[in-house]
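Scroll down for the structure; my scribbles are underneath it.
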Amino acid sequence: MLPQTTGKYIFVAPAASYTIDGNTYDSSDNNDGLSPERAMRTIDAGHNKLTASVGDVLVLLPGSHTVAAAVTLDTAGITIVGMPGARPAVS
């Protein structure tokens, strides 16, 4: 279960193409990220999508996520979690 929040959830996929419940989707930094089916492609884009409000949650979908060296996660009050039931790796 995802943490309860008064903020919003932004979903980030581990790859350009990913599968949830047997269905395959394409991720893109042009997606809105508001559901697992419309996930953003990068953690940086997902972070930038947040409103910088306390309680926003960045949800990493199952898989290995790669973070560019230039990513700065500087928004106070957000939570970053892996999708329940999976252990995504961040490298």
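How things are named: the first chain in the structure tokens is A, the next is B, and so on; residues count from 1 in each chain; ligands count from 1 in the order shown.
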
Task: Expected answer as a list in words: strand (DSSP E or B) residues in chain A - done: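 These are the residues in question: Tyr9, Ile10, Phe11, Val12, Ser17, Tyr18, Thr19, Ile20, Asn23, Thr24, Tyr25, Asp26, Met40, Val57, Leu58, Val59, Leu60, Ser64, His65, Thr79, Ile80, Val81, Gly82, Ala89 and Val90 of chain A.
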
Name the residues in contact with A:Asp29 at a cut-off of 10 Å, using only C-alpha atoms, excluding same-chain residues fewer than 5 positions from it; report them as a PDB file with N, CA, C and O atoms, in the first residue's frame.
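So the final result, stored in result07.pdb, reads:
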ATOM      1  N   VAL A  12       6.999   6.782 -11.688  1.00  0.00           N
ATOM      2  CA  VAL A  12       8.171   6.779 -12.568  1.00  0.00           C
ATOM      3  C   VAL A  12       8.484   5.342 -12.956  1.00  0.00           C
ATOM      4  O   VAL A  12       8.599   4.466 -12.090  1.00  0.00           O
ATOM      5  N   ALA A  13       8.602   5.085 -14.254  1.00  0.00           N
ATOM      6  CA  ALA A  13       8.890   3.745 -14.772  1.00  0.00           C
ATOM      7  C   ALA A  13      10.401   3.510 -14.832  1.00  0.00           C
ATOM      8  O   ALA A  13      11.177   4.449 -14.978  1.00  0.00           O
ATOM      9  N   ALA A  16      11.758   2.484 -20.836  1.00  0.00           N
ATOM     10  CA  ALA A  16      10.876   3.109 -21.824  1.00  0.00           C
ATOM     11  C   ALA A  16       9.604   2.304 -22.026  1.00  0.00           C
ATOM     12  O   ALA A  16       8.545   2.857 -22.318  1.00  0.00           O
ATOM     13  N   ARG A  38       0.502   5.832 -16.864  1.00  0.00           N
ATOM     14  CA  ARG A  38       0.994   7.048 -17.540  1.00  0.00           C
ATOM     15  C   ARG A  38       2.284   7.538 -16.874  1.00  0.00           C
ATOM     16  O   ARG A  38       2.490   8.733 -16.660  1.00  0.00           O
ATOM     17  N   ALA A  39       3.166   6.577 -16.552  1.00  0.00           N
ATOM     18  CA  ALA A  39       4.374   6.890 -15.787  1.00  0.00           C
ATOM     19  C   ALA A  39       5.346   7.777 -16.554  1.00  0.00           C
ATOM     20  O   ALA A  39       5.454   7.716 -17.776  1.00  0.00           O
ATOM     21  N   MET A  40       6.055   8.579 -15.788  1.00  0.00           N
ATOM     22  CA  MET A  40       7.156   9.385 -16.315  1.00  0.00           C
ATOM     23  C   MET A  40       8.322   8.433 -16.569  1.00  0.00           C
ATOM     24  O   MET A  40       8.382   7.337 -16.014  1.00  0.00           O
ATOM     25  N   ARG A  41       9.287   8.842 -17.368  1.00  0.00           N
ATOM     26  CA  ARG A  41      10.427   7.982 -17.704  1.00  0.00           C
ATOM     27  C   ARG A  41      11.585   8.128 -16.729  1.00  0.00           C
ATOM     28  O   ARG A  41      12.297   7.177 -16.440  1.00  0.00           O
ATOM     29  N   THR A  42      11.815   9.333 -16.204  1.00  0.00           N
ATOM     30  CA  THR A  42      12.977   9.555 -15.348  1.00  0.00           C
ATOM     31  C   THR A  42      12.587  10.113 -13.986  1.00  0.00           C
ATOM     32  O   THR A  42      11.587  10.811 -13.845  1.00  0.00           O
ATOM     33  N   ILE A  43      13.408   9.785 -13.004  1.00  0.00           N
ATOM     34  CA  ILE A  43      13.196  10.299 -11.654  1.00  0.00           C
ATOM     35  C   ILE A  43      13.271  11.817 -11.654  1.00  0.00           C
ATOM     36  O   ILE A  43      12.481  12.494 -10.993  1.00  0.00           O
ATOM     37  N   ASP A  44      14.190  12.374 -12.420  1.00  0.00           N
ATOM     38  CA  ASP A  44      14.337  13.830 -12.483  1.00  0.00           C
ATOM     39  C   ASP A  44      13.053  14.493 -12.992  1.00  0.00           C
ATOM     40  O   ASP A  44      12.583  15.467 -12.417  1.00  0.00           O
ATOM     41  N   ALA A  45      12.472  13.955 -14.057  1.00  0.00           N
ATOM     42  CA  ALA A  45      11.231  14.532 -14.594  1.00  0.00           C
ATOM     43  C   ALA A  45      10.091  14.386 -13.594  1.00  0.00           C
ATOM     44  O   ALA A  45       9.278  15.285 -13.428  1.00  0.00           O
ATOM     45  N   GLY A  46      10.044  13.234 -12.917  1.00  0.00           N
ATOM     46  CA  GLY A  46       9.023  13.033 -11.897  1.00  0.00           C
ATOM     47  C   GLY A  46       9.166  14.029 -10.764  1.00  0.00           C
ATOM     48  O   GLY A  46       8.187  14.617 -10.299  1.00  0.00           O
ATOM     49  N   LYS A  49       7.973  17.398 -11.723  1.00  0.00           N
ATOM     50  CA  LYS A  49       6.523  17.452 -11.860  1.00  0.00           C
ATOM     51  C   LYS A  49       5.838  17.756 -10.520  1.00  0.00           C
ATOM     52  O   LYS A  49       4.722  18.251 -10.479  1.00  0.00           O
TER      53      LYS A  49
END

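Minimum atom-to-atom distances from A:Val67, A:Leu2, A:Ala15, A:Leu50 to A:Gly82 were compared using only C-alpha atoms, and the lowest value belongs to A:Leu2.
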
Open item on the list: Can you tell me which residues surround A:Ile20 at a distance of at most 8 Å, considering only C-alpha atoms, apart from same-chain residues fewer than 4 positions away, and format the answer as an MDAnalysis selection string?
Closed with: chainID A and resid 24:25 36:37

TODO: Name the closest residue to A:Phe11 among the candidates A:Ala76, A:Val81, A:Leu58, A:Ser64; distances are taken between atoms, counting only C-alpha atoms.
DONE: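 Among the listed residues, the smallest separation from A:Phe11 belongs to A:Leu58.
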
Open item on the list: Which residues are close to stretch 53-57 of chain A, i.e. within 8 Å by only C-alpha atoms, leaving aside same-chain residues fewer than 3 positions away? Reply as number ranges by chain.
Closed with: A: 5-10, 50, 76-81

What would the file look like if the residues just selected were written as a short mmCIF file (atom, residue, chain, number, x, y, z; two decimals), in the first residue's frame with C-alpha atoms?
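Below is the file out24.cif, written as the result:
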data_model
loop_
_atom_site.label_atom_id
_atom_site.label_comp_id
_atom_site.auth_asym_id
_atom_site.auth_seq_id
_atom_site.Cartn_x
_atom_site.Cartn_y
_atom_site.Cartn_z
CA THR A 5 -0.90 11.72 1.52
CA THR A 6 -2.71 14.99 1.05
CA GLY A 7 -0.29 15.67 -1.81
CA LYS A 8 -0.11 13.91 -5.14
CA TYR A 9 1.53 10.75 -6.43
CA ILE A 10 3.86 10.81 -9.43
CA LEU A 50 5.93 17.66 -8.11
CA ALA A 76 11.60 19.44 0.99
CA GLY A 77 8.75 17.31 2.28
CA ILE A 78 8.43 14.75 -0.52
CA THR A 79 8.62 10.99 -0.09
CA ILE A 80 10.26 8.59 -2.55
CA VAL A 81 9.01 5.00 -2.37
#

Open item on the list: I'd like the interatomic distance between atom CA of A:Asp21 and atom CA of A:Pro3, to a tenth of an Å.
Closed with: 20.7 Å

Open item on the list: Using Å and a single decimal, report how far atom CA of A:Pro62 sits from atom CA of A:His47.
Closed with: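 That distance, rounded to one decimal, is 17.5 Å.
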
Open item on the list: Taking only chain A into account, list the residues labelled helix (DSSP H, G or I) by DSSP (computed from the backbone), as a list in words.
Closed with: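 Selecting the helix (DSSP H, G or I) positions of chain A gives Pro36, Glu37, Arg38, Ile43, Asp44, Ala45, Gly46, His47, Asn48 and Lys49 of chain A.
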
Task: Among listed residues A:Ser35, A:Ser28, A:Thr75, A:Asn23, nearest A:Asn48 (using only C-alpha atoms) - done: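 Once distances to A:Asn48 are computed over only C-alpha atoms, the minimum belongs to A:Thr75.
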
- [ ] Quote the spacing between atom CA of A:Pro14 and atom CA of A:Leu61 in Å to one decimal place.
- [x] 6.5 Å
